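Participant: What follows is target-v8.txt, made up of compact mmCIF, C-alpha atoms and all ligand atoms:
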# COMPACT_ATOMS: atom_id res chain seq x y z
CA MET A 876 1.48 86.18 7.84
CA ASN A 877 -1.64 84.09 7.41
CA LYS A 878 -3.31 83.54 4.08
CA LEU A 879 -6.22 85.93 4.76
CA THR A 880 -3.89 88.83 5.63
CA GLN A 881 -1.84 88.10 2.52
CA THR A 882 -4.94 88.21 0.36
CA ILE A 883 -6.11 91.51 1.88
CA LEU A 884 -2.66 93.07 1.48
CA LEU A 885 -2.34 91.90 -2.08
CA GLY A 886 -5.85 93.09 -2.80
CA SER A 887 -5.17 96.57 -1.49
CA LEU A 888 -1.82 96.79 -3.30
CA THR A 889 -3.51 95.91 -6.57
CA LEU A 890 -6.26 98.44 -5.99
CA GLY A 891 -3.73 101.09 -5.03
CA ALA A 892 -1.85 100.53 -8.24
CA ILE A 893 -4.78 100.93 -10.57
CA SER A 894 -7.22 103.25 -8.88
CA PRO A 895 -6.88 107.01 -9.22
CA ILE A 896 -9.46 107.22 -6.40
CA THR A 897 -6.70 106.12 -4.06
CA THR A 898 -4.67 109.10 -5.23
CA GLN A 899 -7.54 111.39 -4.29
CA ALA A 900 -7.96 109.62 -0.98
CA SER A 901 -4.26 109.76 -0.18
CA LYS A 902 -4.35 113.51 -0.67
CA ASN A 903 -7.15 113.36 1.85
CA LYS A 904 -9.04 115.88 -0.19
CA LYS A 905 -12.59 115.14 -1.15
CA PRO A 906 -13.56 116.29 -4.64
CA ASN A 907 -16.13 119.03 -5.15
CA PHE A 908 -19.14 118.20 -7.29
CA VAL A 909 -21.14 120.42 -9.63
CA ILE A 910 -24.20 119.20 -11.54
CA ILE A 911 -25.62 121.51 -14.19
CA TYR A 912 -29.03 120.06 -15.01
CA THR A 913 -30.93 121.90 -17.72
CA ASP A 914 -34.67 121.61 -18.35
CA ASP A 915 -36.04 120.07 -21.58
CA LEU A 916 -32.78 120.41 -23.51
CA GLY A 917 -32.62 117.77 -26.24
CA TYR A 918 -29.97 115.32 -27.40
CA GLY A 919 -29.43 117.38 -30.56
CA ASP A 920 -29.28 120.88 -29.10
CA LEU A 921 -25.52 121.33 -28.61
CA SER A 922 -22.88 121.83 -31.30
CA CYS A 923 -20.83 119.00 -29.79
CA TYR A 924 -23.85 116.69 -30.20
CA GLY A 925 -24.31 117.65 -33.82
CA ASN A 926 -26.49 120.76 -33.84
CA PRO A 927 -25.64 122.61 -37.06
CA THR A 928 -26.78 126.11 -36.05
CA ILE A 929 -26.76 126.63 -32.28
CA ARG A 930 -23.33 127.75 -31.07
CA THR A 931 -22.22 126.22 -27.77
CA PRO A 932 -18.46 126.93 -27.59
CA HIS A 933 -18.16 126.52 -23.81
CA LEU A 934 -19.96 123.18 -23.73
CA ASP A 935 -17.99 122.06 -26.78
CA GLN A 936 -14.78 122.94 -24.96
CA MET A 937 -15.98 121.24 -21.79
CA ALA A 938 -16.64 118.09 -23.84
CA SER A 939 -13.29 118.29 -25.62
CA GLU A 940 -11.50 118.66 -22.28
CA GLY A 941 -13.49 115.80 -20.75
CA ILE A 942 -15.82 112.97 -21.66
CA LYS A 943 -18.81 113.10 -23.95
CA PHE A 944 -21.27 110.27 -23.22
CA THR A 945 -23.54 109.11 -26.04
CA GLN A 946 -25.88 106.76 -24.17
CA PHE A 947 -26.90 108.57 -21.01
CA TYR A 948 -30.51 108.06 -19.93
CA VAL A 949 -32.72 109.90 -17.51
CA ALA A 950 -35.20 107.76 -15.61
CA ALA A 951 -38.30 109.67 -16.78
CA PRO A 952 -39.36 111.80 -19.75
CA VAL A 953 -40.64 114.70 -17.58
CA CYS A 954 -39.29 117.00 -14.86
CA THR A 955 -40.34 115.79 -11.39
CA PRO A 956 -39.64 112.07 -11.74
CA SER A 957 -36.36 112.70 -13.57
CA ARG A 958 -35.19 114.99 -10.77
CA ALA A 959 -36.35 112.51 -8.11
CA ALA A 960 -34.20 109.86 -9.81
CA LEU A 961 -31.18 112.14 -9.92
CA MET A 962 -31.45 113.15 -6.27
CA THR A 963 -32.12 109.64 -4.88
CA GLY A 964 -30.33 107.30 -7.31
CA SER A 965 -33.61 105.42 -7.73
CA TYR A 966 -36.34 104.86 -10.28
CA PRO A 967 -39.02 107.49 -9.58
CA LYS A 968 -41.54 104.75 -8.75
CA ARG A 969 -39.27 103.50 -5.96
CA VAL A 970 -39.63 106.88 -4.22
CA GLY A 971 -43.30 107.38 -5.13
CA LEU A 972 -42.80 110.31 -7.52
CA HIS A 973 -43.44 108.55 -10.82
CA GLU A 974 -46.93 109.87 -11.58
CA HIS A 975 -46.32 112.94 -13.73
CA VAL A 976 -44.99 116.26 -12.46
CA LEU A 977 -45.94 118.22 -9.38
CA PHE A 978 -48.17 121.28 -9.81
CA PRO A 979 -48.66 124.31 -7.57
CA ARG A 980 -51.70 122.63 -6.01
CA SER A 981 -49.93 119.28 -5.42
CA LYS A 982 -49.71 118.04 -1.88
CA LYS A 983 -46.89 115.62 -2.62
CA GLY A 984 -43.15 115.99 -2.52
CA LEU A 985 -39.95 114.01 -2.14
CA ASN A 986 -40.33 112.22 1.18
CA PRO A 987 -38.09 113.89 3.77
CA LYS A 988 -37.05 110.38 4.85
CA GLU A 989 -35.31 109.81 1.49
CA GLN A 990 -31.56 110.26 1.49
CA THR A 991 -30.46 112.54 -1.34
CA ILE A 992 -27.05 113.27 -2.85
CA ALA A 993 -27.03 116.36 -0.63
CA THR A 994 -27.84 114.58 2.65
CA LEU A 995 -25.22 111.92 1.98
CA LEU A 996 -22.49 114.41 1.07
CA LYS A 997 -23.37 116.66 3.97
CA GLU A 998 -22.60 113.77 6.32
CA GLN A 999 -19.09 113.86 4.80
CA GLY A 1000 -18.65 117.54 5.63
CA TYR A 1001 -19.71 118.99 2.29
CA THR A 1002 -21.37 122.36 1.98
CA THR A 1003 -24.34 121.92 -0.34
CA GLY A 1004 -26.14 124.41 -2.55
CA CYS A 1005 -29.13 124.19 -4.87
CA VAL A 1006 -29.67 126.99 -7.36
CA GLY A 1007 -32.56 127.03 -9.85
CA LYS A 1008 -35.60 124.84 -10.31
CA TRP A 1009 -36.31 122.21 -7.67
CA HIS A 1010 -39.67 120.63 -8.59
CA LEU A 1011 -39.68 117.97 -5.88
CA GLY A 1012 -42.32 119.65 -3.73
CA HIS A 1013 -42.90 123.32 -2.98
CA GLN A 1014 -44.02 123.05 0.64
CA LYS A 1015 -41.37 123.82 3.21
CA LYS A 1016 -40.84 120.21 4.30
CA PHE A 1017 -40.00 119.25 0.71
CA LEU A 1018 -37.76 122.15 -0.28
CA PRO A 1019 -34.00 121.65 -0.83
CA VAL A 1020 -33.22 123.03 2.64
CA SER A 1021 -35.22 120.09 4.05
CA HIS A 1022 -33.32 117.66 1.82
CA GLY A 1023 -29.72 118.26 2.84
CA PHE A 1024 -29.01 121.53 1.05
CA ASP A 1025 -27.47 124.30 3.14
CA MET A 1026 -28.50 126.86 0.55
CA PHE A 1027 -31.39 127.20 -1.90
CA PHE A 1028 -32.07 130.02 -4.29
CA GLY A 1029 -34.57 129.44 -7.05
CA MET A 1030 -38.02 128.33 -8.03
CA PRO A 1031 -40.00 125.46 -6.48
CA PHE A 1032 -41.60 124.34 -9.77
CA SER A 1033 -41.63 124.98 -13.53
CA ASN A 1034 -41.38 128.46 -15.00
CA ASP A 1035 -44.71 128.11 -16.83
CA MET A 1036 -46.65 127.41 -13.62
CA SER A 1037 -47.80 130.98 -13.28
CA ARG A 1038 -50.96 132.81 -14.21
CA LYS A 1039 -48.93 135.57 -15.87
CA GLU A 1040 -46.78 133.23 -17.96
CA GLN A 1041 -49.79 131.20 -19.11
CA TYR A 1042 -51.46 134.44 -20.19
CA LEU A 1043 -48.34 135.45 -22.11
CA LEU A 1044 -48.26 132.01 -23.74
CA GLY A 1045 -51.80 132.65 -24.95
CA SER A 1046 -53.16 129.80 -22.83
CA LYS A 1047 -56.36 129.74 -20.84
CA LYS A 1048 -54.76 127.43 -18.27
CA ASP A 1049 -54.71 129.04 -14.84
CA TYR A 1050 -52.64 127.41 -12.15
CA GLY A 1051 -53.99 130.05 -9.77
CA TYR A 1052 -50.41 130.85 -8.81
CA SER A 1053 -47.52 133.12 -9.53
CA LEU A 1054 -44.00 131.77 -9.90
CA PRO A 1055 -42.11 132.40 -6.65
CA VAL A 1056 -38.39 133.04 -6.28
CA ILE A 1057 -37.36 131.48 -3.00
CA SER A 1058 -34.30 132.04 -0.86
CA GLN A 1059 -33.84 129.16 1.60
CA ALA A 1060 -37.58 128.74 2.42
CA ASP A 1061 -38.70 132.36 2.11
CA THR A 1062 -40.45 133.82 -0.92
CA LEU A 1063 -38.47 136.82 -2.15
CA GLU A 1064 -40.59 137.81 -5.12
CA LEU A 1065 -43.29 136.60 -7.50
CA ASP A 1066 -43.13 136.27 -11.27
CA PRO A 1067 -39.56 137.45 -11.83
CA ASP A 1068 -38.49 138.88 -15.19
CA GLN A 1069 -37.43 135.58 -16.71
CA SER A 1070 -35.16 137.27 -19.27
CA TYR A 1071 -32.65 137.63 -16.46
CA LEU A 1072 -33.11 134.27 -14.74
CA THR A 1073 -30.10 132.62 -16.37
CA LYS A 1074 -27.87 135.56 -15.44
CA ARG A 1075 -29.16 135.80 -11.86
CA LEU A 1076 -28.90 132.08 -11.17
CA THR A 1077 -25.43 131.96 -12.72
CA GLU A 1078 -24.31 134.80 -10.42
CA LYS A 1079 -25.68 132.92 -7.39
CA SER A 1080 -23.85 129.77 -8.44
CA VAL A 1081 -20.57 131.63 -8.99
CA GLU A 1082 -20.96 133.29 -5.58
CA PHE A 1083 -21.54 129.89 -3.96
CA ILE A 1084 -18.34 128.52 -5.52
CA HIS A 1085 -16.25 131.43 -4.26
CA GLN A 1086 -17.78 131.34 -0.79
CA ASN A 1087 -17.12 127.64 -0.37
CA LYS A 1088 -13.86 127.12 -2.24
CA LYS A 1089 -11.91 126.16 0.89
CA GLU A 1090 -14.11 123.21 1.83
CA PRO A 1091 -15.60 120.39 -0.20
CA PHE A 1092 -18.84 121.52 -1.79
CA PHE A 1093 -21.68 120.20 -3.91
CA LEU A 1094 -23.49 122.62 -6.21
CA TYR A 1095 -26.67 121.52 -7.96
CA PHE A 1096 -27.40 124.16 -10.59
CA ALA A 1097 -30.80 123.20 -11.98
CA GLN A 1098 -31.20 125.54 -14.94
CA PRO A 1099 -34.90 126.37 -15.47
CA MET A 1100 -34.31 126.97 -19.21
CA PRO A 1101 -35.00 125.98 -21.98
CA HIS A 1102 -38.37 124.90 -20.52
CA ILE A 1103 -41.25 126.87 -22.07
CA PRO A 1104 -41.63 129.87 -21.78
CA ILE A 1105 -38.10 130.43 -23.05
CA TYR A 1106 -36.28 133.65 -22.33
CA ALA A 1107 -32.83 135.06 -22.96
CA SER A 1108 -31.31 138.33 -21.74
CA ASP A 1109 -30.64 141.38 -23.96
CA ASP A 1110 -27.09 140.17 -24.61
CA PHE A 1111 -28.40 137.02 -26.31
CA GLN A 1112 -31.77 137.99 -27.79
CA GLY A 1113 -31.78 137.80 -31.57
CA LYS A 1114 -28.16 136.60 -31.71
CA SER A 1115 -28.48 132.96 -32.74
CA LYS A 1116 -29.42 131.47 -36.09
CA ARG A 1117 -31.94 129.20 -34.37
CA GLY A 1118 -34.39 131.88 -33.22
CA LYS A 1119 -35.46 132.39 -29.64
CA TYR A 1120 -34.68 128.78 -28.73
CA GLY A 1121 -31.11 129.11 -29.99
CA ASP A 1122 -30.68 132.39 -28.07
CA THR A 1123 -31.75 130.60 -24.90
CA ILE A 1124 -29.34 127.70 -25.42
CA GLU A 1125 -26.47 130.05 -26.26
CA GLU A 1126 -27.05 131.87 -22.98
CA ILE A 1127 -27.06 128.55 -21.12
CA ASP A 1128 -23.74 127.85 -22.83
CA TRP A 1129 -22.42 131.22 -21.63
CA SER A 1130 -23.57 130.30 -18.14
CA VAL A 1131 -21.64 127.00 -18.25
CA GLY A 1132 -18.55 128.99 -19.28
CA GLN A 1133 -19.03 131.25 -16.23
CA ILE A 1134 -19.23 128.27 -13.87
CA LEU A 1135 -16.08 126.65 -15.26
CA GLN A 1136 -14.25 129.99 -15.15
CA ALA A 1137 -15.35 130.51 -11.53
CA LEU A 1138 -13.88 127.12 -10.61
CA LYS A 1139 -10.60 128.11 -12.31
CA ASP A 1140 -10.57 131.54 -10.62
CA ALA A 1141 -11.22 129.90 -7.25
CA LYS A 1142 -8.32 127.51 -8.04
CA VAL A 1143 -10.46 124.46 -7.40
CA ALA A 1144 -11.02 123.26 -10.99
CA GLU A 1145 -8.60 120.35 -10.58
CA ASN A 1146 -10.47 119.13 -7.56
CA THR A 1147 -13.95 119.48 -9.03
CA LEU A 1148 -16.02 117.06 -11.07
CA VAL A 1149 -18.56 118.93 -13.21
CA LEU A 1150 -21.42 117.12 -14.92
CA PHE A 1151 -23.75 118.64 -17.52
CA SER A 1152 -27.06 117.18 -18.68
CA SER A 1153 -30.81 117.74 -19.00
CA ASP A 1154 -33.81 116.33 -17.13
CA ASN A 1155 -35.65 115.10 -20.26
CA GLY A 1156 -35.93 115.53 -24.01
CA PRO A 1157 -37.14 118.52 -26.02
CA TRP A 1158 -40.70 119.83 -25.84
CA LYS A 1159 -41.37 119.58 -29.55
CA VAL A 1160 -45.08 120.48 -29.36
CA TYR A 1161 -43.85 124.07 -29.13
CA LYS A 1162 -42.31 123.65 -32.59
CA THR A 1163 -39.37 126.02 -33.11
CA GLU A 1164 -39.57 127.16 -29.48
CA GLY A 1165 -38.80 123.57 -28.47
CA GLY A 1166 -35.50 121.79 -29.00
CA SER A 1167 -34.15 118.93 -31.07
CA ALA A 1168 -33.49 115.30 -30.23
CA GLY A 1169 -31.08 115.00 -33.17
CA PRO A 1170 -31.30 111.52 -34.70
CA LEU A 1171 -33.53 110.21 -31.92
CA ARG A 1172 -37.23 109.48 -32.30
CA GLY A 1173 -39.76 111.15 -30.00
CA ALA A 1174 -39.57 114.03 -27.56
CA LYS A 1175 -40.31 115.06 -23.98
CA GLY A 1176 -43.07 112.96 -22.44
CA THR A 1177 -42.35 109.85 -24.55
CA THR A 1178 -40.34 106.73 -23.92
CA TRP A 1179 -38.79 106.85 -27.36
CA GLU A 1180 -35.08 107.60 -27.15
CA GLY A 1181 -35.66 111.33 -27.77
CA GLY A 1182 -37.62 111.62 -24.52
CA MET A 1183 -35.01 110.08 -22.28
CA ARG A 1184 -31.55 110.02 -23.87
CA GLU A 1185 -29.64 113.19 -23.10
CA PRO A 1186 -26.30 114.88 -23.62
CA PHE A 1187 -23.99 114.09 -20.69
CA ILE A 1188 -20.59 115.71 -20.32
CA ALA A 1189 -18.09 115.07 -17.52
CA TRP A 1190 -15.22 117.47 -16.82
CA TRP A 1191 -12.52 117.15 -14.19
CA PRO A 1192 -9.22 118.65 -15.38
CA GLY A 1193 -6.16 116.64 -14.40
CA THR A 1194 -8.23 113.56 -13.52
CA ILE A 1195 -10.45 113.03 -16.55
CA LYS A 1196 -8.35 112.95 -19.70
CA PRO A 1197 -9.34 115.29 -22.54
CA GLN A 1198 -11.05 114.25 -25.77
CA GLN A 1199 -12.77 111.16 -24.44
CA LEU A 1200 -15.89 109.51 -25.74
CA CYS A 1201 -17.90 107.02 -23.71
CA THR A 1202 -20.55 104.87 -25.36
CA GLU A 1203 -21.56 102.83 -22.31
CA VAL A 1204 -25.19 102.87 -21.20
CA VAL A 1205 -25.38 104.98 -18.04
CA THR A 1206 -28.21 106.75 -16.25
CA ASN A 1207 -28.93 109.72 -14.04
CA MET A 1208 -29.52 107.26 -11.17
CA ASP A 1209 -25.81 106.37 -11.31
CA ILE A 1210 -24.71 109.83 -10.21
CA LEU A 1211 -25.60 109.39 -6.52
CA PRO A 1212 -23.65 106.14 -5.99
CA THR A 1213 -20.77 107.54 -8.08
CA PHE A 1214 -20.49 110.64 -5.88
CA CYS A 1215 -20.74 108.44 -2.78
CA LYS A 1216 -17.81 106.38 -4.03
CA LEU A 1217 -15.67 109.41 -4.85
CA ALA A 1218 -16.45 111.10 -1.52
CA ASN A 1219 -16.19 107.92 0.56
CA ALA A 1220 -19.79 108.49 1.61
CA GLN A 1221 -22.23 105.80 2.73
CA LEU A 1222 -24.82 104.66 0.24
CA PRO A 1223 -28.47 105.20 1.25
CA LYS A 1224 -29.82 102.70 3.77
CA GLU A 1225 -32.80 101.88 1.55
CA LYS A 1226 -32.50 100.12 -1.81
CA ILE A 1227 -31.53 102.23 -4.83
CA ASP A 1228 -31.20 101.42 -8.55
CA GLY A 1229 -28.11 103.30 -9.74
CA GLN A 1230 -24.57 101.98 -9.66
CA ASP A 1231 -21.15 103.53 -9.24
CA ILE A 1232 -19.72 104.43 -12.67
CA SER A 1233 -16.65 106.32 -11.45
CA ASP A 1234 -14.39 103.85 -13.30
CA LEU A 1235 -15.67 105.32 -16.56
CA PHE A 1236 -14.31 108.73 -15.60
CA PHE A 1237 -10.83 107.23 -15.31
CA ASN A 1238 -11.19 104.88 -18.24
CA PRO A 1239 -14.05 105.80 -20.60
CA ARG A 1240 -13.32 102.77 -22.77
CA LYS A 1241 -14.01 100.35 -19.97
CA THR A 1242 -16.92 98.02 -20.62
CA LEU A 1243 -19.49 97.80 -17.85
CA GLU A 1244 -21.33 94.63 -17.09
CA GLU A 1245 -24.50 94.67 -19.18
CA ARG A 1246 -27.54 95.74 -17.16
CA PRO A 1247 -31.10 96.52 -18.21
CA PHE A 1248 -32.56 100.01 -18.26
CA TYR A 1249 -36.31 100.40 -17.76
CA TYR A 1250 -38.35 103.20 -19.31
CA TYR A 1251 -41.42 104.49 -17.46
CA THR A 1252 -43.98 106.80 -19.07
CA LYS A 1253 -44.67 110.27 -17.74
CA GLN A 1254 -47.65 108.77 -15.90
CA GLY A 1255 -45.32 106.28 -14.24
CA LYS A 1256 -46.29 103.14 -16.15
CA ILE A 1257 -43.65 100.66 -17.28
CA SER A 1258 -43.20 101.12 -21.03
CA ALA A 1259 -39.93 99.73 -22.32
CA VAL A 1260 -36.70 97.98 -21.48
CA ARG A 1261 -33.28 98.15 -23.04
CA LYS A 1262 -30.67 95.44 -22.63
CA GLY A 1263 -27.55 95.56 -24.73
CA ALA A 1264 -28.49 96.57 -28.25
CA TRP A 1265 -32.14 95.60 -27.86
CA LYS A 1266 -35.08 97.75 -26.82
CA LEU A 1267 -38.58 96.43 -26.35
CA ILE A 1268 -41.28 99.08 -26.23
CA LEU A 1269 -44.92 98.37 -25.40
CA GLN A 1270 -47.41 100.01 -27.75
CA LYS A 1271 -51.20 99.81 -27.86
CA GLU A 1272 -50.90 97.62 -30.93
CA GLY A 1273 -48.40 95.28 -29.28
CA ALA A 1274 -44.73 95.15 -28.39
CA GLU A 1275 -42.13 96.59 -30.77
CA LEU A 1276 -38.51 95.56 -30.86
CA TYR A 1277 -35.62 97.75 -31.99
CA ASN A 1278 -31.91 97.21 -32.33
CA ILE A 1279 -30.84 100.54 -30.89
CA GLU A 1280 -27.21 100.19 -31.89
CA GLU A 1281 -28.04 99.59 -35.54
CA ASP A 1282 -31.19 101.68 -35.61
CA ILE A 1283 -30.75 104.71 -33.36
CA SER A 1284 -33.96 106.33 -34.66
CA GLU A 1285 -36.20 103.35 -33.80
CA ASP A 1286 -37.49 103.14 -37.36
CA TYR A 1287 -37.43 99.37 -37.95
CA ASN A 1288 -39.56 97.15 -35.75
CA LEU A 1289 -37.98 93.68 -35.57
CA ALA A 1290 -40.57 92.08 -33.27
CA LYS A 1291 -41.78 89.60 -35.88
CA LYS A 1292 -38.26 88.57 -36.76
CA HIS A 1293 -37.20 87.88 -33.16
CA PRO A 1294 -40.22 86.56 -31.19
CA GLU A 1295 -37.98 84.88 -28.58
CA LYS A 1296 -36.24 88.16 -27.83
CA VAL A 1297 -39.62 89.89 -27.49
CA LYS A 1298 -40.81 87.24 -25.05
CA GLN A 1299 -37.64 87.35 -23.00
CA LEU A 1300 -37.60 91.14 -22.68
CA LYS A 1301 -41.33 91.36 -21.98
CA THR A 1302 -41.04 88.87 -19.12
CA MET A 1303 -38.08 90.77 -17.75
CA LEU A 1304 -39.93 94.08 -17.87
CA GLU A 1305 -43.06 92.70 -16.21
CA LYS A 1306 -41.09 91.00 -13.45
CA PHE A 1307 -39.15 94.15 -12.74
CA ASP A 1308 -42.27 96.25 -12.41
CA GLN A 1309 -44.02 93.69 -10.21
CA GLN A 1310 -41.00 93.68 -7.93
CA MET A 1311 -41.02 97.49 -7.92
CA ASP A 1312 -44.68 97.45 -6.87
CA LYS A 1313 -43.67 95.40 -3.83
CA GLU A 1314 -40.68 97.53 -2.96
CA LYS A 1315 -41.82 101.07 -3.70
CA ARG A 1316 -41.79 103.64 -0.95
CA GLN A 1317 -44.24 106.47 -0.32
CA ALA A 1318 -43.80 110.05 -1.48
CA GLY A 1319 -44.15 112.75 1.17
CA LEU A 1320 -47.61 114.24 1.72
CA VAL A 1321 -48.94 117.39 3.35
CA GLU A 1322 -52.43 117.77 4.72
CA THR A 1323 -52.91 121.29 3.40
CA LYS A 1324 -51.43 123.24 0.50
CA CA A 1401 -38.10 119.05 -17.92
Show me the file's structure as C-alpha cells.
Facilitator:
Amino acid sequence: MNKLTQTILLGSLTLGAISPITTQASKNKKPNFVIIYTDDLGYGDLSCYGNPTIRTPHLDQMASEGIKFTQFYVAAPVCTPSRAALMTGSYPKRVGLHEHVLFPRSKKGLNPKEQTIATLLKEQGYTTGCVGKWHLGHQKKFLPVSHGFDMFFGMPFSNDMSRKEQYLLGSKKDYGYSLPVISQADTLELDPDQSYLTKRLTEKSVEFIHQNKKEPFFLYFAQPMPHIPIYASDDFQGKSKRGKYGDTIEEIDWSVGQILQALKDAKVAENTLVLFSSDNGPWKVYKTEGGSAGPLRGAKGTTWEGGMREPFIAWWPGTIKPQQLCTEVVTNMDILPTFCKLANAQLPKEKIDGQDISDLFFNPRKTLEERPFYYYTKQGKISAVRKGAWKLILQKEGAELYNIEEDISEDYNLAKKHPEKVKQLKTMLEKFDQQMDKEKRQAGLVETK
C-alpha cells in the first residue's frame, strides 16, 4: 500500500467514524427537506424567543425537540432580496435582485439561469414543491415551475399588492392589480379571502407531503403571513392576547404543528430536516399590527439587527438531538450549500456566498471559523459588516461601531473608542462591495409585463 492510498483510507475511516452524514449515506436514503419561511415575523414574536403573550406551543416544541439558533441572519431586510438569497445561497446583489422588492409592474425576476435549491435537488431525484408566496418574479419564466419546482401553489408577490387590499388598508396606493392565486403557472382566482390563506396553504403542503412520502422531497412553504394585511381564520380570530397580530402568529404556529404531524403520519419525520424562519424583521410602522424584534434595535427595512436577525429552528428527530441551542453566526445563504451536502448534490457552477453548516445540526456547540456577514439596505447598498462580536454600521453622520455580543440592542456606539477597528471593518466592507460589483450577475428581464 503506498502512502497516498494509506492517507485516503485513513481519511475516510476518520470521517466515517465521526460523521452522521455517512450514516445517512450508507442507508442510501436522501433526507427530505422542508423550509417554512414566514413573512415579516420578528425575532421576538415566538414564545420560545421570549414573547410574553403570543402562544406558539408547536414552534416551542419544535425548538425543544431540535435546535434553536440565536444568531441567524437573512441577507436583506425586505422580501424579494431575502428570498433570492435563500433560493440561490448568494447575496442578493450577486444575483441582481438587491434593489428593493418586485412589484406587480416589475419586469425583473430571478434569472432562469440561476441554480436554486430546487434545481440542484431535482438533479438528485427530489420532487420539489413551493407553496405560498414566491416574490422572485411573477412572469411565467420566473415562477417556481421555471426554477426547479415540480409544483407551485400560491401567490407571485406580496399579499398587499392588490387594489382591494390597499383600499381595505385605507391607502390610496393602487398597484393596478389584484392578488392572483396561481397553480403551476395558471391563475386560479383573484383576491382570495385571506382569512383562509394559512389554512389553504397548510392543506396544500400536507397534501404534498403525503403524495411524495415514498421519494425524497423538498417542500418550500413560504407563508405569506404575518405580512400586512394580516388575517387569521375564524378559529383564531380574537383568541390571542396580542390582538390581530397575535391571532395571525398563533395560526401560523398551528400550521407548523400540522406540517410536523403530517411528517409523522407519513412516517417520514425521522428522515426529514425541517427549518423554520422568516424573510425579514417585523413591519413596525403598522404599530400593533406589526411584530416585535424583542431586544433587537430596528425593524423590517433596516440594517439594524431587528431588520435582519430572525428566529431559526431546526428539527430532525433522531438525527438532531433535542434541547439544543446554537449561538453561531449563520445565514439564510447557508441553507443551499447545507442541503447540497446532505443530499450529495453538486454546488452551483457559479460563485455563491453561503457555506455548508450541516456540522452544526450534529453538534450545535461546534465553533465555526469566523467569517464576516455583510448587511445591505433594502435598496441594495452596502450598509454594515459584522465580524465576531463587532458590527460596523454606516450612518449619514459617520460609521458606528457596536459590540453585538455585549450590546445586543446596538445602544452604545464605540467608534471613538476603537478607531482602528472602525478603519479595519470599513476597509473590509468597501473591498467586499467593490468585488461584488465586479462579480455580480444579471437578474432576469422580460420585454413586456
Ligand atoms: Ca417580508
Participant: Counting only C-alpha atoms and all ligand atoms, name the residues that have an atom within 6 Å of an atom of ligand CA 1401 (chain A); the answer should be given as a PyMOL selection string.
Facilitator: chain A and resi 914-915+953-954+1154-1155
Participant: Residues at most 7 Å from range 989-992 of chain A, counting only C-alpha atoms, excluding those fewer than 5 positions away in the same chain, as a list in words?
Facilitator: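 Skipping anything fewer than 5 positions along the chain leaves Met962, Thr963, His1022, Leu1211 and Pro1223 of chain A.
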Participant: Would you mind reading off the distance between CA of Asp920 in chain A and CA of Ser1167 in chain A, one decimal, in Å?
Facilitator: 5.6 Å
Participant: Counting only C-alpha atoms, which residue out of A:Ser1053, A:Ala1141, A:Arg969, A:Ser1046 sits closest to Asp1308 in chain A?
Facilitator: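 Counting only C-alpha atoms, the residue closest to Asp1308 in chain A is A:Arg969.
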Participant: Counting only C-alpha atoms, select every polymer residue within 10 Å of (-27.1, 117.7, -0.8) as defined in the file's coordinates, and provide the selection as a list in words.
Facilitator: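 These residues have at least one counted atom within 10 Å: Met962, Gln990, Thr991, Ile992, Ala993, Thr994, Leu995, Leu996, Lys997, Glu998, Tyr1001, Thr1002, Thr1003, Gly1004, Cys1005, Pro1019, Val1020, Ser1021, His1022, Gly1023, Phe1024, Asp1025, Met1026, Phe1092, Phe1093, Leu1094 and Tyr1095 of chain A.
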Participant: For those residues, write C-alpha atoms to a file as a PDB file, in the frame of the given file.
Facilitator:
ATOM      1  CA  MET A 962     -31.450 113.150  -6.270  1.00  0.00           C
ATOM      2  CA  GLN A 990     -31.560 110.260   1.490  1.00  0.00           C
ATOM      3  CA  THR A 991     -30.460 112.540  -1.340  1.00  0.00           C
ATOM      4  CA  ILE A 992     -27.050 113.270  -2.850  1.00  0.00           C
ATOM      5  CA  ALA A 993     -27.030 116.360  -0.630  1.00  0.00           C
ATOM      6  CA  THR A 994     -27.840 114.580   2.650  1.00  0.00           C
ATOM      7  CA  LEU A 995     -25.220 111.920   1.980  1.00  0.00           C
ATOM      8  CA  LEU A 996     -22.490 114.410   1.070  1.00  0.00           C
ATOM      9  CA  LYS A 997     -23.370 116.660   3.970  1.00  0.00           C
ATOM     10  CA  GLU A 998     -22.600 113.770   6.320  1.00  0.00           C
ATOM     11  CA  TYR A1001     -19.710 118.990   2.290  1.00  0.00           C
ATOM     12  CA  THR A1002     -21.370 122.360   1.980  1.00  0.00           C
ATOM     13  CA  THR A1003     -24.340 121.920  -0.340  1.00  0.00           C
ATOM     14  CA  GLY A1004     -26.140 124.410  -2.550  1.00  0.00           C
ATOM     15  CA  CYS A1005     -29.130 124.190  -4.870  1.00  0.00           C
ATOM     16  CA  PRO A1019     -34.000 121.650  -0.830  1.00  0.00           C
ATOM     17  CA  VAL A1020     -33.220 123.030   2.640  1.00  0.00           C
ATOM     18  CA  SER A1021     -35.220 120.090   4.050  1.00  0.00           C
ATOM     19  CA  HIS A1022     -33.320 117.660   1.820  1.00  0.00           C
ATOM     20  CA  GLY A1023     -29.720 118.260   2.840  1.00  0.00           C
ATOM     21  CA  PHE A1024     -29.010 121.530   1.050  1.00  0.00           C
ATOM     22  CA  ASP A1025     -27.470 124.300   3.140  1.00  0.00           C
ATOM     23  CA  MET A1026     -28.500 126.860   0.550  1.00  0.00           C
ATOM     24  CA  PHE A1092     -18.840 121.520  -1.790  1.00  0.00           C
ATOM     25  CA  PHE A1093     -21.680 120.200  -3.910  1.00  0.00           C
ATOM     26  CA  LEU A1094     -23.490 122.620  -6.210  1.00  0.00           C
ATOM     27  CA  TYR A1095     -26.670 121.520  -7.960  1.00  0.00           C
TER      28      TYR A1095
END
